[in-house]
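Let me begin by presenting the structure, written as structure tokens, before commenting on it.
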Amino acid sequence: MGSTEIQIGKTVKGTFESGGYKLSYSIRNNGKGRALLQLHGFMDSSDTFVFQEEFLSEYFDLYRFDYRGHGDSEWLREGFYHFMLPLVDTQSFISKFLPEKFHILGHSMGGGLGSRIAGLVPERVESLVCLEGFSSLPNPEKERKRFRSWLETWENSLAGRERKRQKSFRNVEEAASRLSPVYPRLPKERLLVIATYLTKPVEDGFVWKSDPIYKSGPPVFISPQFTRHLWESVSCPVLVVYGKETNLPLDDPKEVFSHLRNLTYIELEEAGHNMHHDRPDLLAKVMEGFYSGNSLV
């Protein structure tokens, strides 16, 4: 399978190629005969589904990988990141490793990817769980200003690439403290686990695994109209979970979710955008109810 494949217990880790880049992957074979594709979020890592792994392993074989520019995968060597790249990487992973039928669990950007894939190949996807990852129709004037700003700052972003890459922390604890405003509800021990997965050791300490250039964002997104057509093409049961205290609420949730059939929508109490870290036990109960209620497990 991967060019650097190693096996640890039930889990196989390695790399595979997508568009000339080596991407990191992990497959945990639990002997369940049901494949679950896990898609992580923006500037995140597939390892950060860690608090769901044991629960999900009761029902699924787990398939996950890091998009280029994330986790342990290679960074982009030239050009700019855009939404098509993780979509291409996901398709490469699916074609190399996934069986004909599979389930999807995505967080944030991974939820957005998952909802589009489930619309592109509805005959293959048996369930879709999105932990946020949706967006309302964009305001054209705001998009014009955002695109202009992107064009005006892109060259400066490239010029500062090497400088940004050198930013380091003395240890994982320092990195964890930098993450604390993003994860305000997380106990220290859980925050340290996340920081461990999001950093890597270098000569003078630790740095983030994700490419800082990713933060510049894409110049344009996939057409909102086409996205809605893909949502309407999803045929499997769908669970969408939002944190009640999310910092990324939808402007018009009624419009967004009107395009999804077979939808179960739940808001998690005392949880923000990263509800799989904030309330892993409660999220497990919600997912278990969804899977069993739809006779998926």
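The way I read the labels, and the way they are meant: chains A, B, ... in the order of the structure tokens, residue 1 as the first residue of every chain, and ligand 1 as the first ligand shown, with later ones counted on from there.
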Sort by chain and increasing residue number a table of all residues of range 32-148 of chain A within 10 Å of range 246-252 of chain A, each with its closest pair of atoms and their distance in Å to one decimal, counting only C-alpha atoms, and write it as JSON lines.
{"residue": "A:Ser108", "atom": "CA", "partner": "A:Leu248", "partner_atom": "CA", "distance": 9.6}
{"residue": "A:Glu132", "atom": "CA", "partner": "A:Leu248", "partner_atom": "CA", "distance": 8.5}
{"residue": "A:Gly133", "atom": "CA", "partner": "A:Leu248", "partner_atom": "CA", "distance": 9.0}
{"residue": "A:Phe134", "atom": "CA", "partner": "A:Leu250", "partner_atom": "CA", "distance": 7.5}
{"residue": "A:Ser135", "atom": "CA", "partner": "A:Leu250", "partner_atom": "CA", "distance": 6.2}
{"residue": "A:Ser136", "atom": "CA", "partner": "A:Asp252", "partner_atom": "CA", "distance": 5.8}
{"residue": "A:Leu137", "atom": "CA", "partner": "A:Asp252", "partner_atom": "CA", "distance": 8.1}
{"residue": "A:Pro138", "atom": "CA", "partner": "A:Asp251", "partner_atom": "CA", "distance": 9.6}
Write out as a PyMOL selection string which residues come within 8 Å of Asp44 in chain A when counting only C-alpha atoms, dropping same-chain ones fewer than 2 positions away.
-> chain A and resi 40-42+46+48+70-71+198+210
Pick the closest to Glu288 in chain A from A:Leu239, A:His229, A:Pro86, A:Ser177: which is it, counting only C-alpha atoms?
-> A:Leu239
Using only C-alpha atoms, pick whichever of A:Asn274, A:Lys13, A:Val121, A:Arg34 has the shortest atom-to-atom distance to Val182 in chain A.
-> A:Asn274
Can you check which residues of range 34-262 of chain A DSSP gives as helix (DSSP H, G or I) on the backbone and send them as a VMD selection string?
-> chain A and resid 46 to 57 84 to 97 109 to 120 140 to 159 161 to 165 172 to 179 188 to 198 212 to 216 224 to 233 253 to 257
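Distance annotation: of A:Glu267, A:Asp47, A:Glu100, A:Glu58, the residue with the minimal separation from Ser26 in chain A is A:Asp47; atom set is only C-alpha atoms.
Using only C-alpha atoms, the contacts of Gly217 in chain A at a cut-off of 8 Å, with sequence neighbours closer than 6 positions omitted, comprise Tyr81, His82 and Trp150 of chain A.
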Name all residues at most 10 Å from Ile194 in chain A (count only C-alpha atoms; drop same-chain ones fewer than 6 positions away) and give them as JSON, numbers by chain.
-> {"A": [44, 45, 47, 48, 49, 50, 51, 172, 175, 176, 179, 183, 186, 188, 277]}
Take the residues that were just selected and, keeping all heavy atoms, output them as a tab-separated table (two decimals), in the first residue's frame.
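To be explicit, this is the file written out as result29.tsv:
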chain	number	residue	atom	x	y	z
A	44	ASP	N	-5.36	21.25	10.82
A	44	ASP	CA	-5.50	20.21	11.83
A	44	ASP	C	-4.75	18.97	11.37
A	44	ASP	O	-3.92	19.04	10.46
A	44	ASP	CB	-7.00	19.91	12.05
A	44	ASP	CG	-7.30	19.42	13.45
A	44	ASP	OD1	-6.41	18.87	14.09
A	44	ASP	OD2	-8.46	19.57	13.88
A	45	SER	N	-5.04	17.85	11.96
A	45	SER	CA	-4.37	16.59	11.65
A	45	SER	C	-5.37	15.46	11.86
A	45	SER	O	-6.24	15.55	12.73
A	45	SER	CB	-3.15	16.41	12.56
A	45	SER	OG	-2.85	15.07	12.77
A	47	ASP	N	-4.85	12.79	13.24
A	47	ASP	CA	-4.63	12.22	14.57
A	47	ASP	C	-5.57	12.79	15.62
A	47	ASP	O	-5.79	12.17	16.67
A	47	ASP	CB	-3.19	12.48	15.03
A	47	ASP	CG	-2.18	11.58	14.34
A	47	ASP	OD1	-2.50	10.40	14.11
A	47	ASP	OD2	-1.08	12.05	14.02
A	48	THR	N	-6.13	13.97	15.37
A	48	THR	CA	-6.93	14.62	16.41
A	48	THR	C	-8.36	14.08	16.48
A	48	THR	O	-9.18	14.63	17.21
A	48	THR	CB	-6.92	16.16	16.25
A	48	THR	OG1	-7.41	16.51	14.97
A	48	THR	CG2	-5.52	16.70	16.45
A	49	PHE	N	-8.64	12.98	15.78
A	49	PHE	CA	-9.87	12.22	16.06
A	49	PHE	C	-9.61	11.23	17.21
A	49	PHE	O	-10.39	10.31	17.43
A	49	PHE	CB	-10.32	11.45	14.82
A	49	PHE	CG	-11.02	12.30	13.78
A	49	PHE	CD1	-10.42	12.55	12.57
A	49	PHE	CD2	-12.28	12.83	14.03
A	49	PHE	CE1	-11.06	13.33	11.60
A	49	PHE	CE2	-12.92	13.61	13.08
A	49	PHE	CZ	-12.32	13.86	11.87
A	50	VAL	N	-8.51	11.42	17.91
A	50	VAL	CA	-8.04	10.48	18.93
A	50	VAL	C	-9.09	10.17	19.98
A	50	VAL	O	-9.20	9.02	20.44
A	50	VAL	CB	-6.75	11.02	19.59
A	50	VAL	CG1	-6.95	12.37	20.24
A	50	VAL	CG2	-6.18	10.02	20.59
A	51	PHE	N	-9.90	11.15	20.38
A	51	PHE	CA	-10.87	10.93	21.45
A	51	PHE	C	-12.10	10.16	20.98
A	51	PHE	O	-12.94	9.78	21.80
A	51	PHE	CB	-11.29	12.26	22.07
A	51	PHE	CG	-10.13	13.08	22.58
A	51	PHE	CD1	-9.95	14.39	22.16
A	51	PHE	CD2	-9.20	12.53	23.44
A	51	PHE	CE1	-8.87	15.14	22.61
A	51	PHE	CE2	-8.11	13.27	23.90
A	51	PHE	CZ	-7.96	14.58	23.48
A	172	VAL	N	6.33	21.11	23.99
A	172	VAL	CA	4.92	20.89	23.64
A	172	VAL	C	4.01	21.68	24.57
A	172	VAL	O	2.96	22.17	24.16
A	172	VAL	CB	4.59	19.39	23.68
A	172	VAL	CG1	3.10	19.16	23.47
A	172	VAL	CG2	5.37	18.63	22.62
A	175	ALA	N	3.50	25.08	23.20
A	175	ALA	CA	2.59	25.02	22.06
A	175	ALA	C	1.15	24.87	22.54
A	175	ALA	O	0.23	25.49	22.00
A	175	ALA	CB	2.96	23.86	21.13
A	176	ALA	N	0.96	24.06	23.58
A	176	ALA	CA	-0.38	23.85	24.13
A	176	ALA	C	-0.95	25.15	24.68
A	176	ALA	O	-2.14	25.46	24.51
A	176	ALA	CB	-0.34	22.77	25.21
A	179	LEU	N	-2.39	27.17	22.05
A	179	LEU	CA	-3.66	26.63	21.56
A	179	LEU	C	-4.83	26.92	22.49
A	179	LEU	O	-5.99	26.86	22.07
A	179	LEU	CB	-3.56	25.10	21.40
A	179	LEU	CG	-2.81	24.55	20.19
A	179	LEU	CD1	-2.73	23.02	20.30
A	179	LEU	CD2	-3.47	24.94	18.88
A	183	TYR	N	-9.08	26.42	22.15
A	183	TYR	CA	-9.77	25.33	22.84
A	183	TYR	C	-10.05	25.74	24.29
A	183	TYR	O	-9.50	25.15	25.23
A	183	TYR	CB	-8.92	24.07	22.83
A	183	TYR	CG	-8.60	23.53	21.46
A	183	TYR	CD1	-7.41	23.89	20.80
A	183	TYR	CD2	-9.47	22.65	20.82
A	183	TYR	CE1	-7.11	23.38	19.55
A	183	TYR	CE2	-9.17	22.14	19.57
A	183	TYR	CZ	-7.99	22.51	18.94
A	183	TYR	OH	-7.69	22.01	17.70
A	186	LEU	N	-11.10	22.97	26.97
A	186	LEU	CA	-10.35	21.72	27.06
A	186	LEU	C	-9.53	21.63	28.34
A	186	LEU	O	-8.78	22.56	28.66
A	186	LEU	CB	-9.42	21.60	25.85
A	186	LEU	CG	-9.50	20.28	25.05
A	186	LEU	CD1	-10.93	20.05	24.59
A	186	LEU	CD2	-8.57	20.32	23.87
A	188	LYS	N	-6.36	20.59	30.63
A	188	LYS	CA	-4.96	20.68	30.25
A	188	LYS	C	-4.43	19.38	29.65
A	188	LYS	O	-3.70	19.39	28.66
A	188	LYS	CB	-4.12	21.06	31.48
A	188	LYS	CG	-2.65	21.26	31.15
A	188	LYS	CD	-1.84	21.69	32.36
A	188	LYS	CE	-0.37	21.87	32.02
A	188	LYS	NZ	0.43	22.26	33.21
A	277	HIS	N	-13.48	17.45	20.63
A	277	HIS	CA	-12.52	17.58	21.71
A	277	HIS	C	-13.21	18.06	22.99
A	277	HIS	O	-12.87	17.60	24.09
A	277	HIS	CB	-11.42	18.58	21.34
A	277	HIS	CG	-10.67	18.21	20.10
A	277	HIS	ND1	-10.08	19.16	19.28
A	277	HIS	CD2	-10.43	17.02	19.52
A	277	HIS	CE1	-9.51	18.55	18.26
A	277	HIS	NE2	-9.70	17.26	18.39
What is the CA of Phe226 in chain A to CA of Phe83 in chain A distance in Å?
-> 13.8 Å
Please provide as number ranges by chain all residues within 12 Å of Pro201 in chain A, with the sequence filter that same-chain residues fewer than 4 positions apart are discarded (counting only C-alpha atoms).
-> A: 72, 166-172, 175, 195-197, 205-209
CA of Glu155 in chain A and CA of Ser216 in chain A are how many Å apart?
-> 10.7 Å
Considering only C-alpha atoms, return as a list in words whatever protein or nucleic-acid residues lie within 12 Å of range 218-220 of chain A, sequence-local ones (same chain, fewer than 4 positions apart) excluded.
->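 So, after excluding close chain neighbours, the residues are Gly79, Phe80, Tyr81, His82, Phe83, Met84, Leu85, Pro86, Pro138, Pro140, Glu143, Arg144, Lys145, Arg146, Phe147, Arg148, Ser149, Trp150, Leu151, Glu152, Thr153, Trp154, Ile213, Tyr214 and Pro224 of chain A.
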Would you mind listing what lies within 12 Å of Gly111 in chain A as an MDAnalysis selection string, with only C-alpha atoms counted and same-chain residues fewer than 2 positions away left out?
-> chainID A and resid 37:42 86:87 104:109 113:118 128:135 231 238:242 273
